[in-house]
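Source file final_37.json; content: JSON, C-alpha atoms.
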```
[["chain", "number", "residue", "atom", "x", "y", "z"],
["A", 16, "MET", "CA", -12.04, -10.25, 34.29],
["A", 17, "ALA", "CA", -10.49, -7.65, 36.58],
["A", 18, "VAL", "CA", -10.57, -3.98, 35.59],
["A", 19, "SER", "CA", -6.76, -3.87, 35.46],
["A", 20, "GLU", "CA", -6.69, -6.81, 33.04],
["A", 21, "LYS", "CA", -9.25, -5.13, 30.77],
["A", 22, "ARG", "CA", -7.24, -1.92, 30.82],
["A", 23, "GLN", "CA", -4.06, -3.80, 29.94],
["A", 24, "GLN", "CA", -5.72, -5.53, 26.98],
["A", 25, "ALA", "CA", -7.13, -2.22, 25.74],
["A", 26, "THR", "CA", -3.70, -0.59, 25.75],
["A", 27, "GLU", "CA", -1.93, -3.41, 23.87],
["A", 28, "PRO", "CA", -2.95, -2.21, 20.36],
["A", 29, "ASP", "CA", -1.84, 1.31, 21.30],
["A", 30, "LYS", "CA", 1.52, 0.03, 22.51],
["A", 31, "ARG", "CA", 1.99, -1.94, 19.30],
["A", 32, "ARG", "CA", 1.19, 1.17, 17.22],
["A", 33, "GLN", "CA", 3.65, 3.15, 19.35],
["A", 34, "ILE", "CA", 6.37, 0.60, 18.63],
["A", 35, "LEU", "CA", 5.60, 0.54, 14.90],
["A", 36, "GLU", "CA", 5.78, 4.33, 14.75],
["A", 37, "GLY", "CA", 9.19, 4.24, 16.42],
["A", 38, "ALA", "CA", 10.27, 1.52, 14.00],
["A", 39, "ARG", "CA", 9.10, 3.63, 11.07],
["A", 40, "GLN", "CA", 11.31, 6.50, 12.19],
["A", 41, "VAL", "CA", 14.37, 4.29, 12.65],
["A", 42, "PHE", "CA", 14.01, 2.25, 9.46],
["A", 43, "MET", "CA", 13.34, 5.36, 7.39],
["A", 44, "SER", "CA", 16.46, 7.11, 8.70],
["A", 45, "ALA", "CA", 18.85, 4.15, 9.02],
["A", 46, "GLY", "CA", 17.51, 1.57, 6.57],
["A", 47, "PHE", "CA", 17.02, -2.09, 7.37],
["A", 48, "ASP", "CA", 20.68, -2.96, 7.86],
["A", 49, "GLY", "CA", 21.43, 0.13, 9.93],
["A", 50, "ALA", "CA", 18.43, -0.18, 12.24],
["A", 51, "SER", "CA", 18.69, -1.84, 15.64],
["A", 52, "MET", "CA", 16.18, -3.02, 18.19],
["A", 53, "GLY", "CA", 17.77, -0.71, 20.74],
["A", 54, "GLY", "CA", 17.28, 2.24, 18.42],
["A", 55, "VAL", "CA", 13.66, 1.31, 17.84],
["A", 56, "ALA", "CA", 13.04, 0.99, 21.58],
["A", 57, "ARG", "CA", 14.47, 4.46, 22.16],
["A", 58, "ALA", "CA", 12.48, 6.01, 19.32],
["A", 59, "ALA", "CA", 9.29, 4.33, 20.52],
["A", 60, "GLY", "CA", 9.86, 5.30, 24.15],
["A", 61, "VAL", "CA", 9.68, 1.71, 25.43],
["A", 62, "SER", "CA", 12.13, -0.66, 27.06],
["A", 63, "LYS", "CA", 13.86, -3.34, 25.02],
["A", 64, "GLY", "CA", 12.07, -5.89, 27.19],
["A", 65, "THR", "CA", 8.71, -4.46, 26.15],
["A", 66, "LEU", "CA", 9.78, -4.34, 22.52],
["A", 67, "TYR", "CA", 10.69, -8.03, 22.57],
["A", 68, "VAL", "CA", 7.31, -8.91, 24.06],
["A", 69, "TYR", "CA", 5.72, -7.69, 20.82],
["A", 70, "PHE", "CA", 8.45, -8.51, 18.27],
["A", 71, "ASP", "CA", 11.12, -11.15, 18.81],
["A", 72, "SER", "CA", 13.50, -9.87, 16.13],
["A", 73, "LYS", "CA", 14.30, -6.95, 13.87],
["A", 74, "GLU", "CA", 13.13, -9.02, 10.94],
["A", 75, "ALA", "CA", 9.70, -9.64, 12.52],
["A", 76, "LEU", "CA", 9.38, -5.95, 13.33],
["A", 77, "PHE", "CA", 10.31, -4.86, 9.81],
["A", 78, "GLU", "CA", 7.87, -7.32, 8.26],
["A", 79, "ALA", "CA", 5.05, -6.14, 10.54],
["A", 80, "LEU", "CA", 5.79, -2.50, 9.73],
["A", 81, "THR", "CA", 5.88, -2.93, 5.97],
["A", 82, "VAL", "CA", 2.76, -5.11, 5.91],
["A", 83, "ALA", "CA", 0.89, -2.60, 8.06],
["A", 84, "GLU", "CA", 1.97, 0.25, 5.79],
["A", 85, "LYS", "CA", 0.89, -1.50, 2.60],
["A", 86, "ALA", "CA", -2.32, -2.93, 4.06],
["A", 87, "GLY", "CA", -3.30, 0.52, 5.32],
["A", 88, "LEU", "CA", -2.67, 1.97, 1.88],
["A", 89, "ALA", "CA", -4.76, -0.70, 0.18],
["A", 90, "GLU", "CA", -7.56, -0.16, 2.68],
["A", 91, "ALA", "CA", -7.57, 3.59, 2.14],
["A", 92, "LEU", "CA", -7.39, 3.45, -1.65],
["A", 93, "PHE", "CA", -9.52, 0.51, -2.63],
["A", 94, "SER", "CA", -12.74, 1.05, -0.68],
["A", 95, "LEU", "CA", -14.86, 0.78, -3.81],
["A", 96, "ASP", "CA", -18.65, 0.67, -3.92],
["A", 97, "ALA", "CA", -19.65, -2.16, -6.25],
["A", 98, "ARG", "CA", -23.10, -0.54, -6.62],
["A", 99, "ASP", "CA", -21.69, 2.66, -8.14],
["A", 100, "PRO", "CA", -22.27, 2.35, -11.91],
["A", 101, "ASP", "CA", -20.23, 5.44, -12.86],
["A", 102, "VAL", "CA", -17.10, 3.56, -13.84],
["A", 103, "ARG", "CA", -15.36, 6.61, -15.26],
["A", 104, "ALA", "CA", -15.83, 8.62, -12.05],
["A", 105, "VAL", "CA", -14.84, 5.72, -9.79],
["A", 106, "LEU", "CA", -11.66, 5.01, -11.76],
["A", 107, "THR", "CA", -10.78, 8.69, -11.95],
["A", 108, "ARG", "CA", -11.03, 9.08, -8.18],
["A", 109, "LEU", "CA", -9.10, 5.87, -7.57],
["A", 110, "GLY", "CA", -6.37, 6.77, -10.05],
["A", 111, "ALA", "CA", -5.79, 10.22, -8.55],
["A", 112, "LEU", "CA", -5.57, 8.83, -5.01],
["A", 113, "TYR", "CA", -3.39, 5.94, -6.15],
["A", 114, "LEU", "CA", -0.79, 8.15, -7.82],
["A", 115, "THR", "CA", -0.81, 10.68, -4.97],
["A", 116, "MET", "CA", -0.16, 7.98, -2.38],
["A", 117, "MET", "CA", 2.36, 6.06, -4.50],
["A", 118, "ALA", "CA", 4.41, 9.22, -5.01],
["A", 119, "ARG", "CA", 4.76, 9.99, -1.29],
["A", 120, "PRO", "CA", 8.50, 10.00, -0.43],
["A", 121, "GLU", "CA", 7.96, 7.76, 2.61],
["A", 122, "HIS", "CA", 6.12, 5.20, 0.48],
["A", 123, "VAL", "CA", 8.88, 5.17, -2.13],
["A", 124, "ALA", "CA", 11.45, 4.76, 0.66],
["A", 125, "ILE", "CA", 9.62, 1.75, 2.09],
["A", 126, "ILE", "CA", 9.45, 0.08, -1.32],
["A", 127, "ARG", "CA", 13.20, 0.59, -1.73],
["A", 128, "MET", "CA", 13.84, -0.95, 1.69],
["A", 129, "VAL", "CA", 11.69, -3.98, 0.95],
["A", 130, "ILE", "CA", 13.39, -4.51, -2.40],
["A", 131, "GLY", "CA", 16.78, -4.23, -0.71],
["A", 132, "ALA", "CA", 15.90, -6.71, 2.03],
["A", 133, "CYS", "CA", 13.82, -9.30, 0.19],
["A", 134, "GLU", "CA", 16.76, -11.00, -1.52],
["A", 135, "LYS", "CA", 18.01, -12.05, 1.91],
["A", 136, "PHE", "CA", 14.52, -12.38, 3.39],
["A", 137, "PRO", "CA", 12.16, -13.42, 0.54],
["A", 138, "ARG", "CA", 9.15, -13.50, 2.85],
["A", 139, "PHE", "CA", 9.36, -9.70, 3.18],
["A", 140, "GLY", "CA", 8.63, -9.25, -0.49],
["A", 141, "LYS", "CA", 5.86, -11.85, -0.50],
["A", 142, "ALA", "CA", 4.14, -10.37, 2.56],
["A", 143, "PHE", "CA", 4.46, -6.83, 1.20],
["A", 144, "TYR", "CA", 3.06, -7.86, -2.18],
["A", 145, "GLU", "CA", 0.12, -9.77, -0.72],
["A", 146, "ALA", "CA", -0.82, -6.98, 1.70],
["A", 147, "GLY", "CA", -0.60, -4.25, -0.91],
["A", 148, "PRO", "CA", -0.58, -4.85, -4.68],
["A", 149, "ALA", "CA", -2.40, -8.20, -4.55],
["A", 150, "CYS", "CA", -5.00, -6.90, -2.11],
["A", 151, "GLY", "CA", -5.61, -3.71, -4.09],
["A", 152, "THR", "CA", -5.86, -5.60, -7.38],
["A", 153, "GLY", "CA", -8.31, -8.02, -5.81],
["A", 154, "ARG", "CA", -10.56, -5.23, -4.58],
["A", 155, "LEU", "CA", -10.52, -3.49, -7.94],
["A", 156, "LYS", "CA", -11.26, -6.84, -9.63],
["A", 157, "ASP", "CA", -14.34, -7.23, -7.42],
["A", 158, "TYR", "CA", -15.58, -3.81, -8.50],
["A", 159, "LEU", "CA", -14.95, -4.58, -12.16],
["A", 160, "ASP", "CA", -16.73, -7.93, -11.82],
["A", 161, "ALA", "CA", -19.80, -6.10, -10.52],
["A", 162, "GLN", "CA", -19.71, -3.68, -13.45],
["A", 163, "VAL", "CA", -19.37, -6.52, -15.97],
["A", 164, "ALA", "CA", -22.42, -8.17, -14.41],
["A", 165, "ALA", "CA", -24.30, -4.85, -14.61],
["A", 166, "GLY", "CA", -23.39, -4.39, -18.29],
["A", 167, "GLN", "CA", -21.19, -1.34, -17.65],
["A", 168, "LEU", "CA", -18.07, -3.18, -18.87],
["A", 169, "ARG", "CA", -17.57, -5.99, -21.35],
["A", 170, "ALA", "CA", -16.74, -9.50, -20.16],
["A", 171, "ALA", "CA", -12.99, -9.86, -19.63],
["A", 172, "ASP", "CA", -10.25, -11.19, -17.41],
["A", 173, "THR", "CA", -11.01, -8.66, -14.69],
["A", 174, "GLU", "CA", -7.93, -9.45, -12.61],
["A", 175, "LEU", "CA", -5.75, -8.60, -15.59],
["A", 176, "ALA", "CA", -7.94, -5.57, -16.34],
["A", 177, "ALA", "CA", -7.39, -4.28, -12.80],
["A", 178, "LYS", "CA", -3.63, -4.60, -13.24],
["A", 179, "HIS", "CA", -3.86, -2.89, -16.63],
["A", 180, "PHE", "CA", -5.61, 0.12, -15.13],
["A", 181, "LEU", "CA", -3.17, 0.57, -12.25],
["A", 182, "HIS", "CA", -0.17, 0.21, -14.55],
["A", 183, "LEU", "CA", -1.69, 2.62, -17.06],
["A", 184, "CYS", "CA", -1.97, 5.19, -14.28],
["A", 185, "GLN", "CA", 1.61, 5.00, -13.07],
["A", 186, "ALA", "CA", 3.18, 4.06, -16.46],
["A", 187, "GLY", "CA", 6.81, 4.40, -15.43],
["A", 188, "MET", "CA", 6.24, 7.00, -12.72],
["A", 189, "LEU", "CA", 7.11, 4.65, -9.87],
["A", 190, "THR", "CA", 10.25, 3.46, -11.66],
["A", 191, "ARG", "CA", 11.32, 7.08, -12.05],
["A", 192, "LEU", "CA", 10.81, 7.73, -8.35],
["A", 193, "LEU", "CA", 12.46, 4.51, -7.18],
["A", 194, "PHE", "CA", 15.62, 5.40, -9.11],
["A", 195, "ASN", "CA", 15.41, 9.04, -7.99],
["A", 196, "ALA", "CA", 15.47, 9.97, -11.67],
["A", 197, "GLY", "CA", 12.99, 12.82, -11.48],
["A", 198, "ASP", "CA", 10.62, 14.82, -9.33],
["A", 199, "ALA", "CA", 7.34, 13.66, -7.86],
["A", 200, "PRO", "CA", 4.39, 14.25, -10.21],
["A", 201, "THR", "CA", 2.56, 17.54, -10.07],
["A", 202, "GLU", "CA", -1.22, 17.71, -9.71],
["A", 203, "GLY", "CA", -1.39, 18.48, -13.42],
["A", 204, "GLU", "CA", 0.69, 15.42, -14.32],
["A", 205, "ILE", "CA", -1.46, 13.23, -12.10],
["A", 206, "ARG", "CA", -4.66, 14.51, -13.71],
["A", 207, "HIS", "CA", -3.25, 13.95, -17.19],
["A", 208, "ARG", "CA", -2.02, 10.44, -16.37],
["A", 209, "VAL", "CA", -5.33, 9.42, -14.84],
["A", 210, "ASP", "CA", -7.45, 10.92, -17.62],
["A", 211, "GLU", "CA", -5.42, 9.04, -20.22],
["A", 212, "ALA", "CA", -5.49, 5.81, -18.20],
["A", 213, "VAL", "CA", -9.28, 5.98, -17.88],
["A", 214, "ARG", "CA", -9.68, 6.80, -21.57],
["A", 215, "ILE", "CA", -7.52, 3.88, -22.70],
["A", 216, "PHE", "CA", -9.06, 1.50, -20.17],
["A", 217, "LEU", "CA", -12.61, 2.27, -21.25],
["A", 218, "ALA", "CA", -11.63, 2.02, -24.91],
["A", 219, "GLY", "CA", -10.51, -1.52, -24.21],
["A", 220, "TYR", "CA", -13.01, -2.64, -21.60],
["A", 221, "GLY", "CA", -16.04, -0.42, -22.09],
["A", 222, "PRO", "CA", -19.37, -2.02, -23.04],
["A", 223, "GLU", "CA", -19.61, -3.33, -26.58],
["A", 224, "GLY", "CA", -21.84, -1.54, -29.04]]
```

Here is the file; what I need is its structure written in the form of structure tokens.
Amino acid sequence: MAVSEKRQQATEPDKRRQILEGARQVFMSAGFDGASMGGVARAAGVSKGTLYVYFDSKEALFEALTVAEKAGLAEALFSLDARDPDVRAVLTRLGALYLTMMARPEHVAIIRMVIGACEKFPRFGKAFYEAGPACGTGRLKDYLDAQVAAGQLRAADTELAAKHFLHLCQAGMLTRLLFNAGDAPTEGEIRHRVDEAVRIFLAGYGPEG
């Protein structure tokens, strides 16, 4: 393979990230309906021809952006060590990070956009859900499975238990933010929410006896 071909292949992921960053700016400011491929090309600093090489439509670009956002969040939050037996500490760290990231204004804005667009484009919602909530729940389930096997937790439906913990943490917080019905949580509120979520979770799923 020629050196120029290798260089071109190496720059393709960077170009794609550049386009997605431009798309993020445009979708965040204009929303899905107000965004245009021309606007994304300008924000990304690429030609429309280059943009269409990577994404053949606004819908494909929006789906790629939202999936990348949610997948990146799941990757950052749910890197759990199945060998760590300190369930309380692991869940406390996870809960604090989870609420902090969920409360970010840009994350709330993306969720609103996906909700607004998925009635017309149902695949947006499915892709967003699978890349984020389903992936995160699956990773937490794997950690809980390991702790059940190690005797740190009682036998249970660990997929449901994972959902219980995450919902205990946010317990209406995300709804409040989605409807712009209150401020983002303070550090103190996050600590309180997570402490209570861990307490209730362990009361229900802690080892018997």

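Using only C-alpha atoms, the smallest distance between any of A:Pro100, A:Gly197, A:Gly153, A:Gly166 and A:Lys178 comes from A:Gly153.
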
Residue with the minimum atom-to-atom distance to A:Ile125, picked from A:Thr173, A:Thr81, A:Ser72, A:Thr201 with all atoms listed in the file counted, is A:Thr81

Taking into account all atoms listed in the file, which residue in the set A:Ile34, A:Phe139, A:Pro222, A:Arg191 is nearest to A:Ala171?
A:Pro222

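For the set A:Leu192, A:Phe216, A:Val123, A:Ala132, the residue with the smallest atom-to-atom gap to A:Arg169 is A:Phe216, counting only C-alpha atoms.
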
With a distance cut-off of 12 Å and only C-alpha atoms, select the neighbouring residues of A:Tyr220, excluding the residue or stretch itself and same-chain residues fewer than 6 positions from it, and output the selection as a PyMOL selection string.
chain A and resi 102-103+159-160+162-163+166-173+175-177+179-180+212-214

Those same residues, written as a PDB file, keeping the file's coordinate frame with C-alpha atoms?
```
ATOM      1  CA  VAL A 102     -17.100   3.560 -13.840  1.00  0.00           C
ATOM      2  CA  ARG A 103     -15.360   6.610 -15.260  1.00  0.00           C
ATOM      3  CA  LEU A 159     -14.950  -4.580 -12.160  1.00  0.00           C
ATOM      4  CA  ASP A 160     -16.730  -7.930 -11.820  1.00  0.00           C
ATOM      5  CA  GLN A 162     -19.710  -3.680 -13.450  1.00  0.00           C
ATOM      6  CA  VAL A 163     -19.370  -6.520 -15.970  1.00  0.00           C
ATOM      7  CA  GLY A 166     -23.390  -4.390 -18.290  1.00  0.00           C
ATOM      8  CA  GLN A 167     -21.190  -1.340 -17.650  1.00  0.00           C
ATOM      9  CA  LEU A 168     -18.070  -3.180 -18.870  1.00  0.00           C
ATOM     10  CA  ARG A 169     -17.570  -5.990 -21.350  1.00  0.00           C
ATOM     11  CA  ALA A 170     -16.740  -9.500 -20.160  1.00  0.00           C
ATOM     12  CA  ALA A 171     -12.990  -9.860 -19.630  1.00  0.00           C
ATOM     13  CA  ASP A 172     -10.250 -11.190 -17.410  1.00  0.00           C
ATOM     14  CA  THR A 173     -11.010  -8.660 -14.690  1.00  0.00           C
ATOM     15  CA  LEU A 175      -5.750  -8.600 -15.590  1.00  0.00           C
ATOM     16  CA  ALA A 176      -7.940  -5.570 -16.340  1.00  0.00           C
ATOM     17  CA  ALA A 177      -7.390  -4.280 -12.800  1.00  0.00           C
ATOM     18  CA  HIS A 179      -3.860  -2.890 -16.630  1.00  0.00           C
ATOM     19  CA  PHE A 180      -5.610   0.120 -15.130  1.00  0.00           C
ATOM     20  CA  ALA A 212      -5.490   5.810 -18.200  1.00  0.00           C
ATOM     21  CA  VAL A 213      -9.280   5.980 -17.880  1.00  0.00           C
ATOM     22  CA  ARG A 214      -9.680   6.800 -21.570  1.00  0.00           C
TER      23      ARG A 214
END
```

Between A:Ala79, A:Ala199, A:Met117, A:Met188, which residue has the minimum interatomic distance to A:Phe143, considering all atoms listed in the file?
A:Ala79

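In this comparison, which uses only C-alpha atoms, the residue of A:Ala165, A:Leu114, A:Cys150, A:Leu92 approaching A:Leu189 most closely is A:Leu114.
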
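Within the 8 Å cut-off around A:Leu76, using all atoms listed in the file and omitting residues fewer than 6 positions from it on the same chain, the listed residues are Leu35, Ala38 and Phe70 of chain A.
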
If you count all atoms listed in the file, which residues fall within 12 Å of A:Gly131, apart from same-chain ones fewer than 4 positions away, as a VMD selection string?
chain A and resid 46 to 48 124 to 127 135 to 137 139 to 140 193

Completion step: stretch 113-136 of chain A with N, CA and C atoms as a PDB file, in the coordinates of the input:
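Now in part19.pdb:
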```pdb
ATOM      1  N   TYR A 113      -4.453   6.943  -5.991  1.00  0.00           N
ATOM      2  CA  TYR A 113      -3.390   5.940  -6.150  1.00  0.00           C
ATOM      3  C   TYR A 113      -2.057   6.614  -6.469  1.00  0.00           C
ATOM      4  N   LEU A 114      -2.048   7.495  -7.447  1.00  0.00           N
ATOM      5  CA  LEU A 114      -0.790   8.150  -7.820  1.00  0.00           C
ATOM      6  C   LEU A 114      -0.296   9.076  -6.721  1.00  0.00           C
ATOM      7  N   THR A 115      -1.205   9.779  -6.066  1.00  0.00           N
ATOM      8  CA  THR A 115      -0.810  10.680  -4.970  1.00  0.00           C
ATOM      9  C   THR A 115      -0.139   9.904  -3.853  1.00  0.00           C
ATOM     10  N   MET A 116      -0.721   8.769  -3.475  1.00  0.00           N
ATOM     11  CA  MET A 116      -0.160   7.980  -2.380  1.00  0.00           C
ATOM     12  C   MET A 116       1.129   7.269  -2.803  1.00  0.00           C
ATOM     13  N   MET A 117       1.162   6.762  -4.039  1.00  0.00           N
ATOM     14  CA  MET A 117       2.360   6.060  -4.500  1.00  0.00           C
ATOM     15  C   MET A 117       3.566   6.983  -4.583  1.00  0.00           C
ATOM     16  N   ALA A 118       3.313   8.265  -4.830  1.00  0.00           N
ATOM     17  CA  ALA A 118       4.410   9.220  -5.010  1.00  0.00           C
ATOM     18  C   ALA A 118       4.926   9.794  -3.701  1.00  0.00           C
ATOM     19  N   ARG A 119       4.287   9.466  -2.579  1.00  0.00           N
ATOM     20  CA  ARG A 119       4.760   9.990  -1.290  1.00  0.00           C
ATOM     21  C   ARG A 119       6.189   9.507  -1.041  1.00  0.00           C
ATOM     22  N   PRO A 120       7.100  10.406  -0.641  1.00  0.00           N
ATOM     23  CA  PRO A 120       8.500  10.000  -0.430  1.00  0.00           C
ATOM     24  C   PRO A 120       8.647   8.840   0.552  1.00  0.00           C
ATOM     25  N   GLU A 121       7.835   8.829   1.629  1.00  0.00           N
ATOM     26  CA  GLU A 121       7.960   7.760   2.610  1.00  0.00           C
ATOM     27  C   GLU A 121       7.523   6.420   2.022  1.00  0.00           C
ATOM     28  N   HIS A 122       6.553   6.449   1.112  1.00  0.00           N
ATOM     29  CA  HIS A 122       6.120   5.200   0.480  1.00  0.00           C
ATOM     30  C   HIS A 122       7.196   4.679  -0.468  1.00  0.00           C
ATOM     31  N   VAL A 123       7.790   5.576  -1.232  1.00  0.00           N
ATOM     32  CA  VAL A 123       8.880   5.170  -2.130  1.00  0.00           C
ATOM     33  C   VAL A 123      10.047   4.602  -1.321  1.00  0.00           C
ATOM     34  N   ALA A 124      10.340   5.228  -0.180  1.00  0.00           N
ATOM     35  CA  ALA A 124      11.450   4.760   0.660  1.00  0.00           C
ATOM     36  C   ALA A 124      11.177   3.356   1.196  1.00  0.00           C
ATOM     37  N   ILE A 125       9.948   3.074   1.580  1.00  0.00           N
ATOM     38  CA  ILE A 125       9.620   1.750   2.090  1.00  0.00           C
ATOM     39  C   ILE A 125       9.753   0.702   0.998  1.00  0.00           C
ATOM     40  N   ILE A 126       9.305   1.020  -0.212  1.00  0.00           N
ATOM     41  CA  ILE A 126       9.450   0.080  -1.320  1.00  0.00           C
ATOM     42  C   ILE A 126      10.932  -0.222  -1.558  1.00  0.00           C
ATOM     43  N   ARG A 127      11.758   0.807  -1.541  1.00  0.00           N
ATOM     44  CA  ARG A 127      13.200   0.590  -1.730  1.00  0.00           C
ATOM     45  C   ARG A 127      13.754  -0.330  -0.655  1.00  0.00           C
ATOM     46  N   MET A 128      13.336  -0.114   0.601  1.00  0.00           N
ATOM     47  CA  MET A 128      13.840  -0.950   1.690  1.00  0.00           C
ATOM     48  C   MET A 128      13.420  -2.399   1.519  1.00  0.00           C
ATOM     49  N   VAL A 129      12.175  -2.612   1.137  1.00  0.00           N
ATOM     50  CA  VAL A 129      11.690  -3.980   0.950  1.00  0.00           C
ATOM     51  C   VAL A 129      12.448  -4.661  -0.180  1.00  0.00           C
ATOM     52  N   ILE A 130      12.642  -3.945  -1.280  1.00  0.00           N
ATOM     53  CA  ILE A 130      13.390  -4.510  -2.400  1.00  0.00           C
ATOM     54  C   ILE A 130      14.805  -4.868  -1.969  1.00  0.00           C
ATOM     55  N   GLY A 131      15.420  -3.988  -1.165  1.00  0.00           N
ATOM     56  CA  GLY A 131      16.780  -4.230  -0.710  1.00  0.00           C
ATOM     57  C   GLY A 131      16.896  -5.411   0.240  1.00  0.00           C
ATOM     58  N   ALA A 132      15.835  -5.656   1.014  1.00  0.00           N
ATOM     59  CA  ALA A 132      15.900  -6.710   2.030  1.00  0.00           C
ATOM     60  C   ALA A 132      15.356  -8.045   1.561  1.00  0.00           C
ATOM     61  N   CYS A 133      14.530  -8.055   0.509  1.00  0.00           N
ATOM     62  CA  CYS A 133      13.820  -9.300   0.190  1.00  0.00           C
ATOM     63  C   CYS A 133      14.690 -10.342  -0.489  1.00  0.00           C
ATOM     64  N   GLU A 134      15.866  -9.973  -0.980  1.00  0.00           N
ATOM     65  CA  GLU A 134      16.760 -11.000  -1.520  1.00  0.00           C
ATOM     66  C   GLU A 134      17.263 -11.902  -0.389  1.00  0.00           C
ATOM     67  N   LYS A 135      17.561 -11.287   0.750  1.00  0.00           N
ATOM     68  CA  LYS A 135      18.010 -12.050   1.910  1.00  0.00           C
ATOM     69  C   LYS A 135      16.834 -12.656   2.659  1.00  0.00           C
ATOM     70  N   PHE A 136      15.709 -11.922   2.679  1.00  0.00           N
ATOM     71  CA  PHE A 136      14.520 -12.380   3.390  1.00  0.00           C
ATOM     72  C   PHE A 136      13.337 -12.378   2.403  1.00  0.00           C
TER      73      PHE A 136
END
```
